[in-house]
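Student: Structure file structure-v3.cif, mmCIF, C-alpha atoms, is pasted below:
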data_structure
#
loop_
_atom_site.label_atom_id
_atom_site.label_comp_id
_atom_site.auth_asym_id
_atom_site.auth_seq_id
_atom_site.Cartn_x
_atom_site.Cartn_y
_atom_site.Cartn_z
CA MET A 1 135.53 132.18 142.79
CA ALA A 2 137.93 133.78 140.37
CA LYS A 3 140.18 136.36 142.03
CA GLN A 4 140.77 139.52 140.00
CA LEU A 5 144.00 141.51 140.16
CA GLN A 6 143.15 145.08 139.17
CA ARG A 7 145.42 147.23 137.04
CA SER A 8 145.09 150.78 135.81
CA LYS A 9 141.74 151.57 134.21
CA GLY A 10 141.44 150.39 130.62
CA SER A 11 144.70 148.40 130.59
CA GLY A 12 143.05 145.02 131.14
CA SER A 13 143.05 142.48 133.92
CA VAL A 14 144.31 139.07 134.94
CA TYR A 15 142.24 136.52 136.86
CA TYR A 16 143.13 133.45 138.86
CA MET A 17 140.67 130.75 137.71
CA GLY A 18 141.46 128.04 140.29
CA ASN A 19 144.15 125.44 140.90
CA ARG A 20 142.51 122.64 138.88
CA ARG A 21 143.53 124.20 135.59
CA ARG A 22 146.78 123.63 133.74
CA ASN A 23 146.87 127.36 132.90
CA PRO A 24 144.83 128.98 135.69
CA TRP A 25 145.67 132.64 134.94
CA ARG A 26 143.35 134.36 132.45
CA THR A 27 144.27 137.63 130.76
CA VAL A 28 141.38 139.78 129.49
CA LYS A 29 140.98 143.14 127.78
CA THR A 30 138.00 145.45 127.35
CA ALA A 31 136.98 145.61 123.69
CA GLY A 32 134.08 148.04 124.06
CA TRP A 33 130.72 148.36 125.76
CA GLU A 34 127.32 146.84 125.04
CA PRO A 35 123.83 147.05 126.60
CA HIS A 36 123.02 144.51 129.29
CA PRO A 37 120.26 142.15 127.99
CA GLU A 38 118.15 142.67 131.14
CA SER A 39 118.78 146.35 131.85
CA GLU A 40 119.65 149.60 130.12
CA LYS A 41 123.12 149.75 131.66
CA LEU A 42 126.23 149.37 129.53
CA VAL A 43 128.56 146.54 130.41
CA GLN A 44 132.07 145.77 129.32
CA LYS A 45 132.59 143.57 126.27
CA ARG A 46 135.76 141.70 127.10
CA ILE A 47 137.98 139.46 125.03
CA THR A 48 140.38 136.85 126.31
CA ILE A 49 144.02 137.31 125.34
CA GLY A 50 144.98 133.90 126.69
CA TYR A 51 145.45 131.50 129.60
CA PHE A 52 148.82 131.16 131.34
CA PRO A 53 150.50 128.98 134.00
CA THR A 54 151.62 131.88 136.24
CA ARG A 55 150.51 135.38 137.18
CA ASP A 56 153.73 136.87 135.85
CA LYS A 57 153.25 135.34 132.40
CA ALA A 58 149.63 136.51 132.34
CA LEU A 59 150.73 140.08 133.17
CA GLU A 60 153.53 139.88 130.60
CA ALA A 61 151.04 138.90 127.90
CA LEU A 62 148.81 141.83 128.88
CA ILE A 63 151.71 144.30 128.76
CA ASN A 64 152.84 142.96 125.38
CA TYR A 65 149.31 143.25 124.03
CA ASN A 66 148.95 146.84 125.26
CA ASP A 67 152.32 147.76 123.74
CA ASN A 68 151.52 146.08 120.40
CA PRO A 69 147.80 145.22 120.04
CA TYR A 70 146.96 142.35 117.71
CA ASP A 71 143.80 140.62 116.52
CA ILE A 72 142.83 138.28 119.35
CA LYS A 73 140.94 136.01 116.97
CA THR A 74 144.06 135.29 114.96
CA ASN A 75 145.68 134.06 118.14
CA THR A 76 143.03 131.39 118.69
CA ILE A 77 141.77 130.63 115.20
CA THR A 78 141.68 126.93 114.31
CA PHE A 79 142.62 125.10 111.14
CA SER A 80 138.94 124.72 110.23
CA GLU A 81 138.18 128.38 110.84
CA THR A 82 141.13 129.37 108.68
CA TYR A 83 139.94 127.01 105.96
CA GLU A 84 136.46 128.58 106.02
CA LYS A 85 137.87 132.11 105.72
CA TRP A 86 140.38 131.15 103.04
CA SER A 87 137.92 129.11 100.97
CA LYS A 88 135.43 132.00 100.86
CA GLU A 89 138.15 133.99 99.12
CA TYR A 90 139.55 131.19 96.98
CA PHE A 91 136.53 129.23 95.72
CA PRO A 92 134.99 132.11 93.69
CA SER A 93 138.22 132.17 91.63
CA LEU A 94 137.79 128.55 90.51
CA SER A 95 136.16 127.87 87.17
CA SER A 96 134.24 124.69 87.98
CA LYS A 97 132.46 122.86 90.79
CA SER A 98 134.72 119.85 90.26
CA SER A 99 137.73 122.00 91.20
CA ILE A 100 135.98 122.99 94.43
CA ARG A 101 135.12 119.35 95.18
CA THR A 102 138.79 118.44 94.75
CA VAL A 103 139.79 120.93 97.46
CA GLU A 104 136.92 119.89 99.74
CA CYS A 105 137.96 116.25 99.37
CA ALA A 106 141.54 117.05 100.42
CA TYR A 107 140.24 119.00 103.44
CA LYS A 108 138.11 116.05 104.62
CA TYR A 109 141.25 113.93 105.04
CA CYS A 110 142.68 116.47 107.52
CA THR A 111 140.27 115.81 110.40
CA SER A 112 143.03 115.55 113.02
CA LEU A 113 143.95 119.18 112.27
CA HIS A 114 140.45 120.64 112.15
CA LYS A 115 140.23 121.72 115.80
CA MET A 116 143.90 122.61 116.28
CA ARG A 117 144.89 126.25 116.55
CA MET A 118 146.88 127.33 113.51
CA LYS A 119 149.59 128.72 115.78
CA ASP A 120 150.07 125.24 117.33
CA ILE A 121 150.40 123.28 114.07
CA ARG A 122 153.92 122.22 113.09
CA VAL A 123 155.58 120.34 110.24
CA GLU A 124 155.16 116.96 111.94
CA HIS A 125 151.40 117.50 112.16
CA LEU A 126 151.07 118.37 108.47
CA GLU A 127 153.33 115.56 107.26
CA GLY A 128 151.65 113.08 109.63
CA VAL A 129 148.21 113.83 108.21
CA ILE A 130 149.47 113.34 104.66
CA HIS A 131 151.35 110.15 105.53
CA ASN A 132 148.42 108.57 107.39
CA ALA A 133 145.76 109.39 104.80
CA ASP A 134 144.52 106.19 103.15
CA VAL A 135 144.53 107.70 99.66
CA GLY A 136 146.70 107.73 96.56
CA SER A 137 149.57 110.09 95.88
CA ALA A 138 147.39 112.37 93.75
CA THR A 139 145.07 113.16 96.70
CA LYS A 140 148.05 113.48 99.05
CA GLY A 141 149.50 115.98 96.61
CA ARG A 142 146.26 117.95 96.75
CA MET A 143 146.44 117.92 100.56
CA LYS A 144 149.95 119.40 100.39
CA SER A 145 148.70 122.00 97.89
CA LEU A 146 145.84 122.87 100.27
CA PHE A 147 148.32 123.44 103.12
CA ASN A 148 150.46 125.67 100.88
CA MET A 149 147.53 127.90 99.95
CA MET A 150 146.12 128.06 103.49
CA TYR A 151 149.48 129.04 104.97
CA ARG A 152 149.99 131.81 102.40
CA TYR A 153 146.58 133.14 103.47
CA ALA A 154 147.46 132.72 107.17
CA LEU A 155 150.76 134.59 106.77
CA ARG A 156 149.07 137.42 104.91
CA HIS A 157 146.52 137.82 107.71
CA GLU A 158 149.11 137.38 110.49
CA ILE A 159 147.46 134.20 111.77
CA VAL A 160 150.84 132.42 111.75
CA GLU A 161 154.42 133.68 111.78
CA LYS A 162 156.02 130.87 109.78
CA ASP A 163 155.00 128.89 106.69
CA TYR A 164 155.25 125.33 108.01
CA ALA A 165 153.65 123.97 104.84
CA ASP A 166 156.67 125.19 102.88
CA LEU A 167 158.94 123.19 105.21
CA CYS A 168 157.09 119.91 104.52
CA ASN A 169 158.70 117.33 102.27
CA PRO A 170 157.12 117.09 98.81
CA VAL A 171 154.68 114.24 98.19
CA LYS A 172 156.21 111.40 96.22
CA GLN A 173 154.09 110.84 93.15
CA ASP A 174 153.15 107.37 91.96
CA ALA A 175 153.76 106.51 88.35
CA PRO A 176 150.85 107.97 86.36
CA GLN A 177 148.19 105.44 85.43
CA LYS A 178 146.21 105.61 82.25
CA GLU A 179 142.47 106.00 82.62
CA VAL A 180 140.48 102.82 82.05
CA ILE A 181 137.68 103.39 79.51
CA PRO A 182 135.22 100.48 79.08
CA PHE A 183 133.52 99.86 75.75
CA THR A 184 130.22 101.69 75.41
CA ASP A 185 127.04 99.86 74.41
CA GLU A 186 127.29 101.46 70.98
CA GLU A 187 130.85 100.23 70.57
CA VAL A 188 129.90 96.71 71.60
CA THR A 189 127.11 96.81 69.00
CA LEU A 190 129.70 97.90 66.43
CA LEU A 191 131.82 94.87 67.33
CA TRP A 192 128.85 92.52 66.84
CA SER A 193 128.01 94.09 63.49
CA ASN A 194 131.60 93.52 62.29
CA LEU A 195 131.95 90.01 63.64
CA ASN A 196 132.45 88.48 60.21
CA GLU A 197 134.14 91.51 58.67
CA VAL A 198 137.08 92.30 60.94
CA PRO A 199 139.51 89.59 62.09
CA PHE A 200 139.87 89.02 65.82
CA VAL A 201 136.58 90.73 66.76
CA ASP A 202 135.20 87.40 68.03
CA MET A 203 138.06 87.12 70.53
CA ILE A 204 137.40 90.67 71.78
CA LEU A 205 133.71 89.85 72.26
CA ILE A 206 134.58 86.66 74.11
CA GLY A 207 136.74 88.79 76.42
CA ILE A 208 133.93 91.28 77.00
CA TYR A 209 131.40 88.57 77.95
CA SER A 210 133.72 86.31 79.93
CA GLU A 211 135.95 88.82 81.85
CA TRP A 212 139.26 87.01 81.16
CA ARG A 213 142.38 89.12 81.35
CA PRO A 214 144.07 89.33 77.92
CA GLN A 215 146.84 86.90 78.84
CA GLU A 216 144.36 84.50 80.46
CA LEU A 217 142.20 84.58 77.35
CA ALA A 218 145.14 84.00 75.03
CA ILE A 219 146.21 80.78 76.75
CA LEU A 220 142.83 79.15 77.37
CA LYS A 221 143.32 75.44 76.75
CA THR A 222 140.89 73.41 74.71
CA ALA A 223 140.89 70.76 77.42
CA ASP A 224 139.57 73.38 79.86
CA ILE A 225 136.56 74.26 77.69
CA ASP A 226 133.48 72.17 78.49
CA LEU A 227 130.92 72.82 75.76
CA GLU A 228 128.42 70.48 77.36
CA GLU A 229 128.54 72.15 80.77
CA LYS A 230 129.16 75.52 79.11
CA THR A 231 132.12 76.43 81.29
CA MET A 232 135.74 77.56 80.93
CA ARG A 233 138.53 77.01 83.43
CA GLY A 234 141.68 79.08 83.69
CA GLY A 235 143.19 82.15 85.30
CA LEU A 236 146.47 83.67 86.42
CA LYS A 237 147.86 86.32 88.77
CA THR A 238 146.20 85.76 92.19
CA ASP A 239 145.24 82.80 94.38
CA ALA A 240 141.58 83.75 93.98
CA GLY A 241 142.02 84.09 90.23
CA LYS A 242 143.89 80.89 89.45
CA ASN A 243 142.07 77.83 88.12
CA ARG A 244 138.66 79.50 88.38
CA VAL A 245 135.57 78.36 86.51
CA VAL A 246 133.75 80.90 84.34
CA PRO A 247 130.32 80.12 82.83
CA ILE A 248 130.06 80.67 79.07
CA HIS A 249 127.61 83.43 78.32
CA PRO A 250 124.95 82.32 75.77
CA LEU A 251 125.91 85.21 73.46
CA ILE A 252 129.48 84.00 73.01
CA TYR A 253 128.79 80.24 73.09
CA PRO A 254 128.58 80.07 69.24
CA LEU A 255 131.87 81.99 68.97
CA ILE A 256 133.68 79.59 71.28
CA GLU A 257 132.09 76.58 69.63
CA LYS A 258 133.35 77.81 66.25
CA ARG A 259 136.88 78.26 67.61
CA TYR A 260 136.88 74.93 69.46
CA ASP A 261 139.15 72.26 67.93
CA GLU A 262 140.02 69.14 69.92
CA THR A 263 143.20 68.65 67.89
CA GLU A 264 144.63 71.96 69.13
CA GLU A 265 146.04 72.56 72.59
CA TYR A 266 144.69 76.08 72.87
CA LEU A 267 141.35 77.62 72.01
CA PHE A 268 143.13 80.49 70.24
CA ASN A 269 146.13 79.78 68.07
CA ASP A 270 148.76 81.72 66.18
CA ILE A 271 148.31 80.25 62.75
CA ASN A 272 151.14 82.44 61.43
CA SER A 273 153.72 81.13 63.88
CA THR A 274 157.06 80.32 62.26
CA GLN A 275 157.38 77.46 64.71
CA GLY A 276 154.38 75.59 63.37
CA VAL A 277 150.60 75.69 63.40
CA GLY A 278 148.90 75.53 66.79
CA LYS A 279 151.30 77.65 68.85
CA ARG A 280 149.62 79.68 71.55
CA LEU A 281 149.33 83.44 71.34
CA SER A 282 151.76 85.55 73.33
CA TYR A 283 150.41 88.70 74.97
CA ASP A 284 152.30 90.86 72.45
CA LYS A 285 150.65 89.02 69.55
CA TYR A 286 147.26 89.29 71.23
CA ARG A 287 147.75 93.04 71.71
CA ASN A 288 148.87 93.53 68.10
CA ARG A 289 145.75 91.78 66.77
CA PHE A 290 143.57 93.73 69.21
CA ASN A 291 145.09 97.05 68.07
CA LYS A 292 144.59 96.17 64.40
CA ALA A 293 140.90 95.49 65.05
CA MET A 294 140.57 98.79 66.94
CA SER A 295 142.22 100.62 64.06
CA ARG A 296 139.87 99.06 61.50
CA LEU A 297 136.85 100.06 63.58
CA LYS A 298 138.28 103.50 64.46
CA LEU A 299 138.06 102.78 68.20
CA THR A 300 140.57 103.68 70.91
CA HIS A 301 140.74 100.94 73.54
CA ARG A 302 143.38 98.79 75.20
CA PRO A 303 143.15 95.01 75.64
CA HIS A 304 142.36 94.94 79.37
CA GLU A 305 139.39 97.29 78.88
CA ALA A 306 137.37 94.33 77.60
CA ARG A 307 137.55 92.84 81.13
CA HIS A 308 136.54 96.17 82.66
CA THR A 309 133.58 96.29 80.28
CA PHE A 310 132.38 92.94 81.67
CA ILE A 311 132.63 94.23 85.25
CA ILE A 312 130.73 97.43 84.39
CA LYS A 313 128.02 95.44 82.63
CA ALA A 314 127.77 93.01 85.54
CA LYS A 315 127.22 95.86 87.99
CA THR A 316 124.81 97.61 85.65
CA TYR A 317 122.64 94.50 85.47
CA HIS A 318 122.94 93.90 89.24
CA MET A 319 124.88 90.65 89.21
CA ASP A 320 125.28 89.16 92.68
CA GLU A 321 128.32 90.80 94.28
CA TYR A 322 129.97 87.57 95.45
CA ILE A 323 129.30 85.67 92.23
CA LEU A 324 130.94 88.55 90.36
CA LYS A 325 134.00 88.22 92.60
CA LEU A 326 134.11 84.46 92.01
CA ILE A 327 133.92 84.91 88.24
CA VAL A 328 136.53 87.67 87.94
CA GLY A 329 138.87 86.11 90.51
CA HIS A 330 138.71 88.74 93.25
CA ALA A 331 139.26 87.69 96.86
CA ILE A 332 136.18 87.53 99.08
CA THR A 333 136.99 89.21 102.39
CA ASP A 334 133.66 88.55 104.12
CA ILE A 335 134.48 85.51 106.27
CA THR A 336 130.89 84.25 106.49
CA GLU A 337 130.42 84.50 102.75
CA LYS A 338 133.82 82.97 102.00
CA VAL A 339 133.63 80.00 104.35
CA TYR A 340 129.99 79.13 104.78
CA THR A 341 128.25 80.15 101.56
CA HIS A 342 128.72 78.18 98.36
CA ARG A 343 127.49 79.01 94.89
CA THR A 344 126.36 76.36 92.43
CA MET A 345 127.22 76.40 88.74
CA GLU A 346 123.52 76.90 88.05
CA GLN A 347 123.65 80.11 90.08
CA LEU A 348 126.72 81.31 88.17
CA HIS A 349 125.00 80.63 84.85
CA SER A 350 121.85 82.37 86.03
CA GLU A 351 123.77 85.48 87.11
CA ILE A 352 125.93 85.80 84.00
CA LYS A 353 122.80 85.61 81.83
CA LYS A 354 121.69 88.88 83.41
CA ILE A 355 124.23 90.63 81.21
CA LYS A 356 122.55 91.73 78.01
CA ARG A 357 124.00 92.53 74.65
#
Using the file provided, produce a representation of the structure as structure tokens.
Tutor:
Amino acid sequence: MAKQLQRSKGSGSVYYMGNRRRNPWRTVKTAGWEPHPESEKLVQKRITIGYFPTRDKALEALINYNDNPYDIKTNTITFSETYEKWSKEYFPSLSSKSSIRTVECAYKYCTSLHKMRMKDIRVEHLEGVIHNADVGSATKGRMKSLFNMMYRYALRHEIVEKDYADLCNPVKQDAPQKEVIPFTDEEVTLLWSNLNEVPFVDMILIGIYSEWRPQELAILKTADIDLEEKTMRGGLKTDAGKNRVVPIHPLIYPLIEKRYDETEEYLFNDINSTQGVGKRLSYDKYRNRFNKAMSRLKLTHRPHEARHTFIIKAKTYHMDEYILKLIVGHAITDITEKVYTHRTMEQLHSEIKKIKR
């Protein structure tokens, strides 16, 4: 049973809670009176100032509290509780729900801090959470921003005595990446309607319905085009992407057939090359022709967005996940699927036909 050491009336008490506790001495203070739930008598409403390893430290904490009372809740408030209080103040000042979701997303990556008392959190805890988060630098930056705002709130409300967020190293930002914007259905229709009007549109359409990266498309060899089997072979960049076979979509078969010339090494050629007819396209030349077509059609796209359009279309029309990976050259991480399951060319053709114009 807990042993109480009485002090002068109203000054508080310390209790010995037993020797199995790391901090067995409890310091309490009366914070008012309230009716007993089973009688009409008033009973003390007590709050705990803290738990301490020795009686002397428990008494010292009680004396300090009596000399300079403070909000007990701020002494025990956790990171999550601080976030809830702060966000109730902060969120109404934001202009959109997306801004709120950005903050909420950053908070979700701080789970190791959620139950920690704010007074116990240090720089190494904050930096560790940011470092270990499996997210990009933009989200890590938002986590650091969240800490900054929460600590300003905590200082203002005397929850903490030092701004440890301000002592954290800044988050190193990755090089900004441009947003990838696939072609819309309306834009693809515009390409089809200008097939015979704007040079190079056929090559863009072939890219959209075959997923080749721009450089892969530019160097497709005639010898690797099988019009009878309706397949293309090529690929660069990764082990999974090299020398892969891509079925020719029925929509672009006439376009490839028209370009096909057994006397040329490549399916696409730079007929304006100063080094002679039949030289393959470089990426720069491919990009220049692509940009000219975009300018004529008043569209704003980059070459690799044709490949992303294929992937979006494939997912929209529910292409088999693993066949999509085979076609676009992405590694298959599922061991069972990678080792024991094989896809036939008929299956690849069947899946790619799901993609509509």
Student: Decode the PyMOL selection byres ((chain A and resi 129-146) around 7) for the given file into explicit residues and return them as a PyMOL selection string.
Tutor: chain A and resi 103+106-107+109-110+125-128+147-150+171-174
Student: For CA of Lys325 in chain A and CA of Glu216 in chain A, quote the distance in Å rounded to one decimal.
Tutor: 16.4 Å
Student: Would you translate the PyMOL selection byres ((chain A and resi 264) around 10) into the concrete set of residues it matches in this file, as JSON, numbers by chain?
Tutor: {"A": [221, 222, 223, 260, 261, 262, 263, 265, 266, 267, 268, 269, 277, 278, 279, 280]}
Student: With C-alpha atoms retained, export the selected residues as a tab-separated table (two decimals), keeping the file's coordinate frame.
Tutor:
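Wrote again_11.tsv, looks like this:
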chain	number	residue	atom	x	y	z
A	221	LYS	CA	143.32	75.44	76.75
A	222	THR	CA	140.89	73.41	74.71
A	223	ALA	CA	140.89	70.76	77.42
A	260	TYR	CA	136.88	74.93	69.46
A	261	ASP	CA	139.15	72.26	67.93
A	262	GLU	CA	140.02	69.14	69.92
A	263	THR	CA	143.20	68.65	67.89
A	265	GLU	CA	146.04	72.56	72.59
A	266	TYR	CA	144.69	76.08	72.87
A	267	LEU	CA	141.35	77.62	72.01
A	268	PHE	CA	143.13	80.49	70.24
A	269	ASN	CA	146.13	79.78	68.07
A	277	VAL	CA	150.60	75.69	63.40
A	278	GLY	CA	148.90	75.53	66.79
A	279	LYS	CA	151.30	77.65	68.85
A	280	ARG	CA	149.62	79.68	71.55
Student: With 5 Å on each side, where is the centre of the axis-aligned box around all listed atoms of range 294-307 of chain A, and how long are its edges in Å to one decimal, as lines of an AutoDock Vina configuration file?
Tutor:
center_x = 140.1
center_y = 98.3
center_z = 71.3
size_x = 16.5
size_y = 20.8
size_z = 29.6
Student: So what does the PyMOL selection byres ((chain A and resi 183-187) around 10) actually pick up in this one, as a short mmCIF file (atom, residue, chain, number, x, y, z; two decimals) with C-alpha atoms, in the coordinates of the input?
Tutor:
data_model
loop_
_atom_site.label_atom_id
_atom_site.label_comp_id
_atom_site.auth_asym_id
_atom_site.auth_seq_id
_atom_site.Cartn_x
_atom_site.Cartn_y
_atom_site.Cartn_z
CA VAL A 180 140.48 102.82 82.05
CA ILE A 181 137.68 103.39 79.51
CA PRO A 182 135.22 100.48 79.08
CA VAL A 188 129.90 96.71 71.60
CA THR A 189 127.11 96.81 69.00
CA LEU A 190 129.70 97.90 66.43
CA LEU A 191 131.82 94.87 67.33
CA TRP A 192 128.85 92.52 66.84
CA SER A 193 128.01 94.09 63.49
CA ILE A 208 133.93 91.28 77.00
CA LEU A 297 136.85 100.06 63.58
CA LEU A 299 138.06 102.78 68.20
CA THR A 300 140.57 103.68 70.91
CA HIS A 301 140.74 100.94 73.54
CA ARG A 302 143.38 98.79 75.20
CA GLU A 305 139.39 97.29 78.88
CA ALA A 306 137.37 94.33 77.60
CA ARG A 307 137.55 92.84 81.13
CA HIS A 308 136.54 96.17 82.66
CA THR A 309 133.58 96.29 80.28
CA PHE A 310 132.38 92.94 81.67
CA ILE A 312 130.73 97.43 84.39
CA LYS A 313 128.02 95.44 82.63
CA LYS A 356 122.55 91.73 78.01
CA ARG A 357 124.00 92.53 74.65
#
Student: A:Asp224, A:Glu89, A:Asp120, A:Asp202: which is nearest Lys258 in chain A, counting all atoms listed in the file?
Tutor: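 Checking each of A:Asp224, A:Glu89, A:Asp120, A:Asp202 against Lys258 in chain A, counting all atoms listed in the file, the winner is A:Asp202.
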Student: Quick one: of A:Asn243, A:Thr74, A:Gln44, A:Thr111, who's nearest to Gly329 in chain A, counting all atoms listed in the file?
Tutor: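 Smallest distance to Gly329 in chain A is found for A:Asn243.
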Student: Looking at all atoms listed in the file, which of A:Ile204, A:Met116, A:Ser295, A:Arg233 is the one that sits closest to Phe79 in chain A?
Tutor: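 The closest residue to Phe79 in chain A is A:Met116.
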Student: Distance CA of Gly18 in chain A-CA of Ile49 in chain A, one decimal place?
Tutor: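 Going from CA of Gly18 in chain A over to CA of Ile49 in chain A, I get 17.8 Å.
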Student: What does the distance from CA of Phe52 in chain A to CA of Met118 in chain A come to in Å, to one decimal?
Tutor: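 According to the coordinates, CA of Phe52 in chain A and CA of Met118 in chain A are separated by 18.3 Å.
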Student: With distances taken over only C-alpha atoms, which residue among A:Gly50, A:Gly235, A:Pro303, A:Pro250 lies nearest Val201 in chain A?
Tutor: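 Using only C-alpha atoms, Val201 in chain A sits closest to A:Pro303.
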Student: Which is closest to Val14 in chain A among A:Pro170, A:Pro53, A:Pro199, A:Pro247, if we use all atoms listed in the file?
Tutor: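 Checking each candidate against Val14 in chain A, we get A:Pro53 as the closest.
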